[in-house]
Each structure stands twice: as C-alpha cells, then as structure tokens.
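Structure file protein-v2.pdb (PDB, C-alpha atoms and all ligand atoms) follows.
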```pdb
ATOM      1  CA  MET W  77     160.985  31.783-126.577  1.00  0.00           C
ATOM      2  CA  TRP W  78     164.222  29.839-126.656  1.00  0.00           C
ATOM      3  CA  THR W  79     165.485  27.881-129.661  1.00  0.00           C
ATOM      4  CA  TYR W  80     167.808  24.944-129.198  1.00  0.00           C
ATOM      5  CA  VAL W  81     169.478  23.153-132.076  1.00  0.00           C
ATOM      6  CA  SER W  82     170.046  19.463-131.403  1.00  0.00           C
ATOM      7  CA  ASP W  83     172.569  17.823-133.702  1.00  0.00           C
ATOM      8  CA  THR W  84     172.211  14.251-132.444  1.00  0.00           C
ATOM      9  CA  PRO W  85     169.398  12.127-130.982  1.00  0.00           C
ATOM     10  CA  GLU W  86     171.361  12.079-127.710  1.00  0.00           C
ATOM     11  CA  ARG W  87     171.207  15.880-127.420  1.00  0.00           C
ATOM     12  CA  THR W  88     167.433  15.790-127.763  1.00  0.00           C
ATOM     13  CA  PHE W  89     167.321  13.149-125.017  1.00  0.00           C
ATOM     14  CA  VAL W  90     169.572  15.317-122.815  1.00  0.00           C
ATOM     15  CA  LEU W  91     167.338  18.364-123.362  1.00  0.00           C
ATOM     16  CA  GLY W  92     164.335  16.284-122.262  1.00  0.00           C
ATOM     17  CA  ARG W  93     166.263  14.910-119.288  1.00  0.00           C
ATOM     18  CA  GLU W  94     167.257  18.372-118.057  1.00  0.00           C
ATOM     19  CA  LEU W  95     163.694  19.633-118.465  1.00  0.00           C
ATOM     20  CA  GLY W  96     162.309  16.545-116.712  1.00  0.00           C
ATOM     21  CA  ALA W  97     164.342  17.407-113.635  1.00  0.00           C
ATOM     22  CA  LEU W  98     162.620  20.821-113.469  1.00  0.00           C
ATOM     23  CA  LEU W  99     159.016  19.662-113.777  1.00  0.00           C
ATOM     24  CA  HIS W 100     156.353  19.946-111.108  1.00  0.00           C
ATOM     25  CA  ARG W 101     153.009  18.425-110.327  1.00  0.00           C
ATOM     26  CA  GLY W 102     150.327  19.757-112.703  1.00  0.00           C
ATOM     27  CA  ASP W 103     152.716  20.792-115.488  1.00  0.00           C
ATOM     28  CA  PHE W 104     151.518  20.563-119.092  1.00  0.00           C
ATOM     29  CA  LEU W 105     153.774  20.300-122.143  1.00  0.00           C
ATOM     30  CA  ALA W 106     152.414  20.709-125.677  1.00  0.00           C
ATOM     31  CA  LEU W 107     154.668  19.058-128.285  1.00  0.00           C
ATOM     32  CA  ASN W 108     154.320  19.722-132.009  1.00  0.00           C
ATOM     33  CA  GLY W 109     156.299  18.759-135.079  1.00  0.00           C
ATOM     34  CA  PRO W 110     156.147  16.320-137.988  1.00  0.00           C
ATOM     35  CA  LEU W 111     156.526  12.536-137.869  1.00  0.00           C
ATOM     36  CA  GLY W 112     159.982  11.488-136.751  1.00  0.00           C
ATOM     37  CA  SER W 113     160.987  14.939-135.534  1.00  0.00           C
ATOM     38  CA  GLY W 114     161.977  13.704-132.065  1.00  0.00           C
ATOM     39  CA  LYS W 115     158.930  14.210-129.849  1.00  0.00           C
ATOM     40  CA  THR W 116     158.916  10.705-128.377  1.00  0.00           C
ATOM     41  CA  LEU W 117     162.678  10.710-127.879  1.00  0.00           C
ATOM     42  CA  PHE W 118     162.317  13.981-125.971  1.00  0.00           C
ATOM     43  CA  VAL W 119     159.626  12.374-123.770  1.00  0.00           C
ATOM     44  CA  LYS W 120     162.020   9.483-123.046  1.00  0.00           C
ATOM     45  CA  GLY W 121     164.500  12.095-121.811  1.00  0.00           C
ATOM     46  CA  ILE W 122     161.817  13.740-119.675  1.00  0.00           C
ATOM     47  CA  ALA W 123     160.938  10.371-118.121  1.00  0.00           C
ATOM     48  CA  TYR W 124     164.600   9.737-117.330  1.00  0.00           C
ATOM     49  CA  GLY W 125     164.937  13.201-115.806  1.00  0.00           C
ATOM     50  CA  MET W 126     161.897  12.403-113.625  1.00  0.00           C
ATOM     51  CA  GLY W 127     163.592   9.244-112.367  1.00  0.00           C
ATOM     52  CA  MET W 128     161.850   6.727-114.617  1.00  0.00           C
ATOM     53  CA  ASP W 129     163.107   4.109-117.034  1.00  0.00           C
ATOM     54  CA  PRO W 130     163.149   5.723-120.508  1.00  0.00           C
ATOM     55  CA  GLU W 131     162.747   2.283-122.100  1.00  0.00           C
ATOM     56  CA  GLU W 132     159.185   2.220-120.807  1.00  0.00           C
ATOM     57  CA  VAL W 133     158.312   5.208-122.960  1.00  0.00           C
ATOM     58  CA  THR W 134     157.005   4.194-126.353  1.00  0.00           C
ATOM     59  CA  SER W 135     154.775   5.947-128.803  1.00  0.00           C
ATOM     60  CA  PRO W 136     151.222   5.752-127.481  1.00  0.00           C
ATOM     61  CA  THR W 137     149.804   6.345-130.976  1.00  0.00           C
ATOM     62  CA  PHE W 138     147.389   3.427-130.742  1.00  0.00           C
ATOM     63  CA  ALA W 139     146.511   3.834-127.098  1.00  0.00           C
ATOM     64  CA  PHE W 140     146.362   7.671-127.036  1.00  0.00           C
ATOM     65  CA  ILE W 141     147.716   7.705-123.528  1.00  0.00           C
ATOM     66  CA  GLN W 142     150.299   5.896-121.462  1.00  0.00           C
ATOM     67  CA  GLU W 143     150.919   6.498-117.825  1.00  0.00           C
ATOM     68  CA  TYR W 144     154.312   5.977-116.226  1.00  0.00           C
ATOM     69  CA  ALA W 145     154.773   5.803-112.494  1.00  0.00           C
ATOM     70  CA  GLY W 146     157.536   7.667-110.726  1.00  0.00           C
ATOM     71  CA  SER W 147     157.784  10.039-107.803  1.00  0.00           C
ATOM     72  CA  LEU W 148     155.335  12.033-109.956  1.00  0.00           C
ATOM     73  CA  PRO W 149     153.123  10.306-112.526  1.00  0.00           C
ATOM     74  CA  LEU W 150     153.846  11.107-116.185  1.00  0.00           C
ATOM     75  CA  TYR W 151     150.864  11.085-118.570  1.00  0.00           C
ATOM     76  CA  HIS W 152     152.024  10.712-122.153  1.00  0.00           C
ATOM     77  CA  PHE W 153     149.425  11.405-124.851  1.00  0.00           C
ATOM     78  CA  ASP W 154     149.727  11.103-128.611  1.00  0.00           C
ATOM     79  CA  VAL W 155     146.580  12.542-130.153  1.00  0.00           C
ATOM     80  CA  TYR W 156     147.605  12.119-133.793  1.00  0.00           C
ATOM     81  CA  ARG W 157     144.858   9.570-134.447  1.00  0.00           C
ATOM     82  CA  LEU W 158     142.390  10.955-132.010  1.00  0.00           C
ATOM     83  CA  ASP W 159     138.933  11.933-133.149  1.00  0.00           C
ATOM     84  CA  VAL W 160     139.503  14.834-130.883  1.00  0.00           C
ATOM     85  CA  SER W 161     136.417  16.182-129.228  1.00  0.00           C
ATOM     86  CA  GLU W 162     134.693  12.862-128.546  1.00  0.00           C
ATOM     87  CA  GLN W 163     137.580  10.612-127.640  1.00  0.00           C
ATOM     88  CA  LEU W 164     139.411  13.136-125.494  1.00  0.00           C
ATOM     89  CA  GLU W 165     136.270  13.631-123.468  1.00  0.00           C
ATOM     90  CA  ASP W 166     135.662   9.866-123.274  1.00  0.00           C
ATOM     91  CA  LEU W 167     139.169   9.482-121.879  1.00  0.00           C
ATOM     92  CA  GLY W 168     138.327  11.832-119.025  1.00  0.00           C
ATOM     93  CA  TYR W 169     141.165  14.137-120.089  1.00  0.00           C
ATOM     94  CA  GLU W 170     140.485  16.590-117.266  1.00  0.00           C
ATOM     95  CA  ASP W 171     141.849  14.076-114.763  1.00  0.00           C
ATOM     96  CA  TYR W 172     145.173  14.205-116.582  1.00  0.00           C
ATOM     97  CA  PHE W 173     145.410  17.742-117.985  1.00  0.00           C
ATOM     98  CA  PHE W 174     144.333  19.227-114.664  1.00  0.00           C
ATOM     99  CA  GLY W 175     145.589  16.366-112.512  1.00  0.00           C
ATOM    100  CA  HIS W 176     148.462  15.742-110.134  1.00  0.00           C
ATOM    101  CA  GLY W 177     151.102  14.471-112.514  1.00  0.00           C
ATOM    102  CA  VAL W 178     152.978  15.883-115.489  1.00  0.00           C
ATOM    103  CA  THR W 179     151.138  15.765-118.828  1.00  0.00           C
ATOM    104  CA  VAL W 180     152.980  15.643-122.160  1.00  0.00           C
ATOM    105  CA  VAL W 181     150.954  15.700-125.398  1.00  0.00           C
ATOM    106  CA  GLU W 182     152.385  14.806-128.826  1.00  0.00           C
ATOM    107  CA  TRP W 183     150.549  16.461-131.750  1.00  0.00           C
ATOM    108  CA  ALA W 184     149.090  18.937-129.254  1.00  0.00           C
ATOM    109  CA  GLU W 185     148.034  21.285-132.071  1.00  0.00           C
ATOM    110  CA  PHE W 186     144.971  19.054-132.515  1.00  0.00           C
ATOM    111  CA  VAL W 187     143.715  19.723-128.996  1.00  0.00           C
ATOM    112  CA  THR W 188     144.667  23.342-128.282  1.00  0.00           C
ATOM    113  CA  GLY W 189     141.167  24.153-127.017  1.00  0.00           C
ATOM    114  CA  TYR W 190     141.696  21.783-124.083  1.00  0.00           C
ATOM    115  CA  PHE W 191     144.973  23.181-122.730  1.00  0.00           C
ATOM    116  CA  PRO W 192     145.327  24.622-119.245  1.00  0.00           C
ATOM    117  CA  GLU W 193     146.178  28.321-119.068  1.00  0.00           C
ATOM    118  CA  GLU W 194     149.867  27.802-118.313  1.00  0.00           C
ATOM    119  CA  TYR W 195     151.903  25.397-120.391  1.00  0.00           C
ATOM    120  CA  LEU W 196     155.177  24.943-122.207  1.00  0.00           C
ATOM    121  CA  GLN W 197     154.960  24.744-125.975  1.00  0.00           C
ATOM    122  CA  VAL W 198     157.733  22.762-127.676  1.00  0.00           C
ATOM    123  CA  ASP W 199     157.957  22.849-131.478  1.00  0.00           C
ATOM    124  CA  PHE W 200     160.207  20.448-133.379  1.00  0.00           C
ATOM    125  CA  VAL W 201     161.508  21.111-136.884  1.00  0.00           C
ATOM    126  CA  LYS W 202     163.612  18.674-138.910  1.00  0.00           C
ATOM    127  CA  LEU W 203     166.644  20.549-140.209  1.00  0.00           C
ATOM    128  CA  GLY W 204     168.503  17.489-141.521  1.00  0.00           C
ATOM    129  CA  ASP W 205     168.941  13.741-140.983  1.00  0.00           C
ATOM    130  CA  THR W 206     170.261  14.180-137.463  1.00  0.00           C
ATOM    131  CA  THR W 207     169.548  17.839-136.773  1.00  0.00           C
ATOM    132  CA  ARG W 208     166.423  19.175-135.112  1.00  0.00           C
ATOM    133  CA  GLN W 209     165.406  22.702-134.170  1.00  0.00           C
ATOM    134  CA  ILE W 210     163.522  22.689-130.895  1.00  0.00           C
ATOM    135  CA  CYS W 211     161.673  25.899-129.953  1.00  0.00           C
ATOM    136  CA  LEU W 212     160.449  26.290-126.404  1.00  0.00           C
ATOM    137  CA  THR W 213     157.728  28.878-125.885  1.00  0.00           C
ATOM    138  CA  PRO W 214     156.652  29.352-122.275  1.00  0.00           C
ATOM    139  CA  HIS W 215     153.055  30.341-121.548  1.00  0.00           C
ATOM    140  CA  GLY W 216     152.935  31.638-117.983  1.00  0.00           C
ATOM    141  CA  VAL W 217     155.519  32.970-115.541  1.00  0.00           C
ATOM    142  CA  GLY W 218     156.364  29.556-114.089  1.00  0.00           C
ATOM    143  CA  PHE W 219     157.412  28.205-117.455  1.00  0.00           C
ATOM    144  CA  GLU W 220     159.291  31.399-118.316  1.00  0.00           C
ATOM    145  CA  LYS W 221     161.465  30.807-115.247  1.00  0.00           C
ATOM    146  CA  ARG W 222     161.975  27.172-116.018  1.00  0.00           C
ATOM    147  CA  THR W 223     162.878  27.861-119.641  1.00  0.00           C
ATOM    148  CA  GLU W 224     165.633  30.170-118.320  1.00  0.00           C
ATOM    149  CA  GLN W 225     166.776  27.472-115.899  1.00  0.00           C
ATOM    150  CA  LEU W 226     166.816  24.902-118.675  1.00  0.00           C
ATOM    151  CA  LYS W 227     168.910  27.201-120.855  1.00  0.00           C
ATOM    152  CA  GLU W 228     171.452  27.538-118.026  1.00  0.00           C
ATOM    153  CA  ARG W 229     171.499  23.800-117.369  1.00  0.00           C
ATOM    154  CA  MET W 230     172.098  23.042-121.055  1.00  0.00           C
ATOM    155  CA  GLN W 231     175.168  25.282-121.048  1.00  0.00           C
ATOM    156  CA  ARG W 232     176.684  22.885-118.532  1.00  0.00           C
ATOM    157  CA  CYS W 233     175.983  19.609-120.325  1.00  0.00           C
TER     158      CYS W 233
HETATM  159  N1  LIG T 301     168.764  15.403-133.301  1.00  0.00           N
HETATM  160  C1  LIG T 301     167.777  14.476-133.227  1.00  0.00           C
HETATM  161  N2  LIG T 301     166.820  14.580-132.298  1.00  0.00           N
HETATM  162  C2  LIG T 301     165.831  13.683-132.211  1.00  0.00           C
HETATM  163  N3  LIG T 301     165.672  12.617-133.023  1.00  0.00           N
HETATM  164  C3  LIG T 301     166.610  12.451-133.973  1.00  0.00           C
HETATM  165  C4  LIG T 301     167.693  13.368-134.129  1.00  0.00           C
HETATM  166  N4  LIG T 301     168.447  12.949-135.168  1.00  0.00           N
HETATM  167  C5  LIG T 301     167.874  11.829-135.628  1.00  0.00           C
HETATM  168  N5  LIG T 301     166.775  11.520-134.930  1.00  0.00           N
HETATM  169  C6  LIG T 301     165.932  10.352-135.165  1.00  0.00           C
HETATM  170  O1  LIG T 301     164.621  10.784-135.469  1.00  0.00           O
HETATM  171  C7  LIG T 301     163.681   9.870-134.930  1.00  0.00           C
HETATM  172  C8  LIG T 301     162.741  10.597-133.990  1.00  0.00           C
HETATM  173  O2  LIG T 301     161.716   9.701-133.647  1.00  0.00           O
HETATM  174  P1  LIG T 301     160.561  10.021-132.609  1.00  0.00           P
HETATM  175  O3  LIG T 301     159.782   8.762-132.448  1.00  0.00           O
HETATM  176  O4  LIG T 301     161.139  10.643-131.393  1.00  0.00           O
HETATM  177  O5  LIG T 301     159.712  11.099-133.424  1.00  0.00           O
HETATM  178  P2  LIG T 301     158.250  11.656-133.145  1.00  0.00           P
HETATM  179  O6  LIG T 301     158.345  13.125-133.386  1.00  0.00           O
HETATM  180  O7  LIG T 301     157.769  11.185-131.838  1.00  0.00           O
HETATM  181  O8  LIG T 301     157.373  11.003-134.310  1.00  0.00           O
HETATM  182  P3  LIG T 301     155.811  10.647-134.336  1.00  0.00           P
HETATM  183  O9  LIG T 301     155.076  11.900-134.730  1.00  0.00           O
HETATM  184  O10 LIG T 301     155.721   9.599-135.390  1.00  0.00           O
HETATM  185  O11 LIG T 301     155.403  10.138-132.984  1.00  0.00           O
HETATM  186  C9  LIG T 301     164.449   8.779-134.208  1.00  0.00           C
HETATM  187  O12 LIG T 301     164.638   7.692-135.072  1.00  0.00           O
HETATM  188  C10 LIG T 301     165.790   9.473-133.935  1.00  0.00           C
HETATM  189  O13 LIG T 301     166.864   8.577-133.839  1.00  0.00           O
HETATM  190 MG    MG T 302     156.079  10.102-131.241  1.00  0.00          MG
END
```
Go ahead and render the structure in this file as structure tokens.
Ligand SMILES: Nc1ncnc2c1ncn2[C@@H]1O[C@H](COP(=O)(O)OP(=O)(O)OP(=O)(O)O)[C@@H](O)[C@H]1O
Ligand SMILES: [Mg+2]
Amino acid sequence: MWTYVSDTPERTFVLGRELGALLHRGDFLALNGPLGSGKTLFVKGIAYGMGMDPEEVTSPTFAFIQEYAGSLPLYHFDVYRLDVSEQLEDLGYEDYFFGHGVTVVEWAEFVTGYFPEEYLQVDFVKLGDTTRQICLTPHGVGFEKRTEQLKERMQRC
C-alpha cells in the first residue's frame, strides 16, 4: 500500500494523470471515499493521462456509466445510486469489468463481489478543505509493480 497526500486539487489530477499513463487494457480501479473527496477529479486526470480530454469526464451518477474513447476505451462507473445486483447485471457489467478497456468505478465498495481478481484499490479521505489522503492498495503483482512506478513518477512531478 502507498499513501499519497494531495494538498491541492491539481495534485490529485496529476496523480491520476501519471497513473493513467501506466494503465493497460483490462485494468480495473476501485475508488472509494466520501462525497467530494476527489474521485471524479482523479478520473479526469486518468483520462488526460490516457490521451483523452479531461473535460469530457463528468460524474456519471445518473447514468451509472460513461464511456470515453481514446487509444484505449475508459469505462467510468459511479454506482452510488445503483440498486446493485439487478442494475449492474442489466448493464452487462461483464463486458466492461472483464472487457478490453480500462474500468474505473466510483463507490466501488457497493459492488465488491463483482470485481476481477486483480485490481487497484484507491481510497480517498478528506483531511481538510484542500487536502486529501489517497491510499493505493494493489491487488495482484501487476498493480504492485505499477504502484511502485507511480510512486517514482510522482517524485519527479
Ligand atoms: N486535494 C484535493 N484533491 C481533490 N479534490 C479537491 C482537493 N482539494 C479540494 N478539492 C475539491 O473537492 C472536490 C472533489 O470533487 P469530486 O467530484 O472529484 O469528488 P467525488 O469524490 O467524485 O464526489 P462524489 O462522490 O460526489 O462523486 C472538488 O470540488 C475539488 O476542487
Ligand atoms: Mg464523483
């Protein structure tokens, strides 16, 4: 596990951007943390790091999922309002969670039973008005490596 303390919204964006550059086809990221803790901002950074326009990333709270096209597709879920078991299955979640793009889920704690075996868990805690603690817990060797790479990249920016 690696804990990063972000003291501005920009730093959270940069953390997402640097991670986005390391992501591969089939990756799954599980984001947790209270309202306004920075999950969507982090996803904007990921999108930018994957070569997409971060402005396109908005909270999919009412749609549950938004898909952004880039060299790899990015599937952005927010399952806060999801009546989990039924609606996730109606959505055909397997095509995303086990698909060819990168999947990022906000409020992932509501759907833990549906995760793939390997994933990166990212927990956000509000420490103050502009400070957030962001804990990255890799599940699987691939994400352990990439968490190390991310740590190194963040020392340079
Ligand atoms: N260090 C920081 N990192 C991230 N966001 C910050 C930080 N400091 C202040 N903020 C502010 O906190 C808010 C985070 O909003 P964001 O939509 O990313 O949260 P969220 O976790 O996705 O919430 P929700 O659960 O409602 O979807 C933004 O208004 C942002 O400007
Ligand atoms: Mg959000």
Check your understanding: So what does the PyMOL selection byres (((not hetatm)) within 9 of (chain T and resi 302)) actually pick up in this one, as a count of residues only?
Key -> 15
Give me the chain W side of the contact with ligand LIG 301 (chain T), cut-off 12 Å, one line per residue showing its nearest atom pair and distance in Å at one decimal, counting only C-alpha atoms and all ligand atoms, sorted by chain and residue number, as a Markdown table.
```
| residue | atom | partner | partner_atom | distance |
| --- | --- | --- | --- | --- |
| W:Tyr80 | CA | T:LIG301 | N1 | 10.4 |
| W:Val81 | CA | T:LIG301 | N1 | 7.9 |
| W:Ser82 | CA | T:LIG301 | N1 | 4.7 |
| W:Asp83 | CA | T:LIG301 | N1 | 4.5 |
| W:Thr84 | CA | T:LIG301 | N1 | 3.7 |
| W:Pro85 | CA | T:LIG301 | C1 | 3.6 |
| W:Glu86 | CA | T:LIG301 | N2 | 6.9 |
| W:Arg87 | CA | T:LIG301 | N1 | 6.4 |
| W:Thr88 | CA | T:LIG301 | N2 | 4.7 |
| W:Phe89 | CA | T:LIG301 | C2 | 7.4 |
| W:Val90 | CA | T:LIG301 | N2 | 9.9 |
| W:Leu91 | CA | T:LIG301 | N2 | 9.7 |
| W:Gly92 | CA | T:LIG301 | C2 | 10.4 |
| W:Leu107 | CA | T:LIG301 | O6 | 8.6 |
| W:Asn108 | CA | T:LIG301 | O6 | 7.8 |
| W:Gly109 | CA | T:LIG301 | O6 | 6.2 |
| W:Pro110 | CA | T:LIG301 | O9 | 5.6 |
| W:Leu111 | CA | T:LIG301 | O9 | 3.5 |
| W:Gly112 | CA | T:LIG301 | O5 | 3.4 |
| W:Ser113 | CA | T:LIG301 | O6 | 3.9 |
| W:Gly114 | CA | T:LIG301 | O4 | 3.2 |
| W:Lys115 | CA | T:LIG301 | O6 | 3.7 |
| W:Thr116 | CA | T:LIG301 | O7 | 3.7 |
| W:Leu117 | CA | T:LIG301 | O4 | 3.8 |
| W:Phe118 | CA | T:LIG301 | O4 | 6.5 |
| W:Val119 | CA | T:LIG301 | O4 | 8.0 |
| W:Lys120 | CA | T:LIG301 | O4 | 8.5 |
| W:Gly121 | CA | T:LIG301 | O4 | 10.3 |
| W:Val133 | CA | T:LIG301 | O3 | 10.2 |
| W:Thr134 | CA | T:LIG301 | O3 | 8.1 |
| W:Ser135 | CA | T:LIG301 | O11 | 6.0 |
| W:Pro136 | CA | T:LIG301 | O11 | 8.2 |
| W:Thr137 | CA | T:LIG301 | O11 | 7.1 |
| W:Phe138 | CA | T:LIG301 | O11 | 10.7 |
| W:Phe140 | CA | T:LIG301 | O11 | 11.1 |
| W:His152 | CA | T:LIG301 | O7 | 11.3 |
| W:Phe153 | CA | T:LIG301 | O11 | 10.2 |
| W:Asp154 | CA | T:LIG301 | O11 | 7.2 |
| W:Val155 | CA | T:LIG301 | O11 | 9.6 |
| W:Tyr156 | CA | T:LIG301 | O9 | 7.5 |
| W:Arg157 | CA | T:LIG301 | O9 | 10.5 |
| W:Val180 | CA | T:LIG301 | O7 | 11.7 |
| W:Val181 | CA | T:LIG301 | O11 | 10.4 |
| W:Glu182 | CA | T:LIG301 | O11 | 6.9 |
| W:Trp183 | CA | T:LIG301 | O9 | 7.1 |
| W:Ala184 | CA | T:LIG301 | O9 | 10.7 |
| W:Val198 | CA | T:LIG301 | O6 | 11.2 |
| W:Asp199 | CA | T:LIG301 | O6 | 9.9 |
| W:Phe200 | CA | T:LIG301 | O6 | 7.6 |
| W:Val201 | CA | T:LIG301 | O6 | 9.3 |
| W:Lys202 | CA | T:LIG301 | C1 | 8.2 |
| W:Leu203 | CA | T:LIG301 | N1 | 8.9 |
| W:Gly204 | CA | T:LIG301 | N4 | 7.8 |
| W:Asp205 | CA | T:LIG301 | C5 | 5.8 |
| W:Thr206 | CA | T:LIG301 | N4 | 3.2 |
| W:Thr207 | CA | T:LIG301 | N1 | 4.3 |
| W:Arg208 | CA | T:LIG301 | N1 | 4.8 |
| W:Gln209 | CA | T:LIG301 | N1 | 8.1 |
| W:Ile210 | CA | T:LIG301 | N2 | 8.9 |
```
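Minimum distance to Tyr190 in chain W across W:Tyr172, W:Gly177, W:Met77, W:Ala145 (counting only C-alpha atoms) occurs at W:Tyr172.
Residues matched by the PyMOL selection byres (((chain W and resi 211-222) around 6) and not hetatm) in this structure: Met77, Trp78, Thr79, Glu194, Tyr195, Leu196, Gln197, Val198, Asp199, Ile210, Thr223, Glu224, Gln225 and Leu226 of chain W.
The two atoms in question, CA of Ala123 in chain W and CA of Gly96 in chain W, are spaced 6.5 Å apart.
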Exercise for review: Any chance you could resolve the PyMOL selection byres (((chain W and resi 102) around 8) and not hetatm) against this file and give the residues as an MDAnalysis selection string?
Suggested key: chainID W and resid 100:101 103:104 173:179
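Proximity of W:Pro149, W:Ile141, W:Pro130, W:Ala106 to Phe186 in chain W, computed with all atoms listed in the file, is greatest for W:Ala106.
Taking only C-alpha atoms into account, Thr188 in chain W lies nearest to W:Leu105 out of the set W:Leu105, W:Leu99, W:Leu167, W:Ala139.
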Please define a box with edges along x, y and z of the file around all atoms of range 223-227 of chain W given in the file, extend it by 5 Å on each side, and return its centre and edge lengths in Å to one decimal, as JSON.
```
{"center_x": 165.9, "center_y": 27.5, "center_z": -118.4, "size_x": 16.0, "size_y": 15.3, "size_z": 15.0}
```
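When CA of Ala97 in chain W is paired with CA of Met126 in chain W, their separation reads 5.6 Å.
Reported to one decimal place, the separation of CA of Glu132 in chain W from CA of Phe191 in chain W is 25.4 Å.
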Written-out range 171-206 of chain W (C-alpha atoms) as a CSV table (one decimal), in the first residue's frame:
```
chain,number,residue,atom,x,y,z
W,171,ASP,CA,-18.4,-6.6,-20.9
W,172,TYR,CA,-16.8,-3.7,-19.1
W,173,PHE,CA,-15.2,-5.2,-16.0
W,174,PHE,CA,-13.7,-8.1,-18.0
W,175,GLY,CA,-13.5,-6.1,-21.3
W,176,HIS,CA,-10.8,-4.6,-23.4
W,177,GLY,CA,-10.7,-1.1,-21.9
W,178,VAL,CA,-9.8,0.4,-18.5
W,179,THR,CA,-12.6,0.3,-15.9
W,180,VAL,CA,-12.8,2.9,-13.1
W,181,VAL,CA,-15.6,2.5,-10.5
W,182,GLU,CA,-16.6,5.3,-8.0
W,183,TRP,CA,-18.2,4.0,-4.8
W,184,ALA,CA,-16.8,0.5,-5.6
W,185,GLU,CA,-17.4,-0.7,-2.1
W,186,PHE,CA,-21.0,-1.3,-3.2
W,187,VAL,CA,-20.0,-3.8,-5.8
W,188,THR,CA,-17.0,-5.6,-4.4
W,189,GLY,CA,-18.5,-9.0,-5.2
W,190,TYR,CA,-18.2,-8.2,-8.9
W,191,PHE,CA,-14.5,-7.3,-9.1
W,192,PRO,CA,-12.0,-9.1,-11.1
W,193,GLU,CA,-9.2,-10.9,-9.2
W,194,GLU,CA,-6.6,-8.2,-9.9
W,195,TYR,CA,-7.4,-4.6,-9.3
W,196,LEU,CA,-6.1,-1.4,-7.8
W,197,GLN,CA,-8.0,-0.1,-4.8
W,198,VAL,CA,-7.8,3.7,-4.3
W,199,ASP,CA,-9.3,5.1,-1.0
W,200,PHE,CA,-9.8,8.9,-0.6
W,201,VAL,CA,-10.0,10.6,2.8
W,202,LYS,CA,-10.8,14.3,3.3
W,203,LEU,CA,-8.1,15.7,5.6
W,204,GLY,CA,-9.1,19.4,5.2
W,205,ASP,CA,-10.7,21.8,2.7
W,206,THR,CA,-8.0,21.2,0.1
```
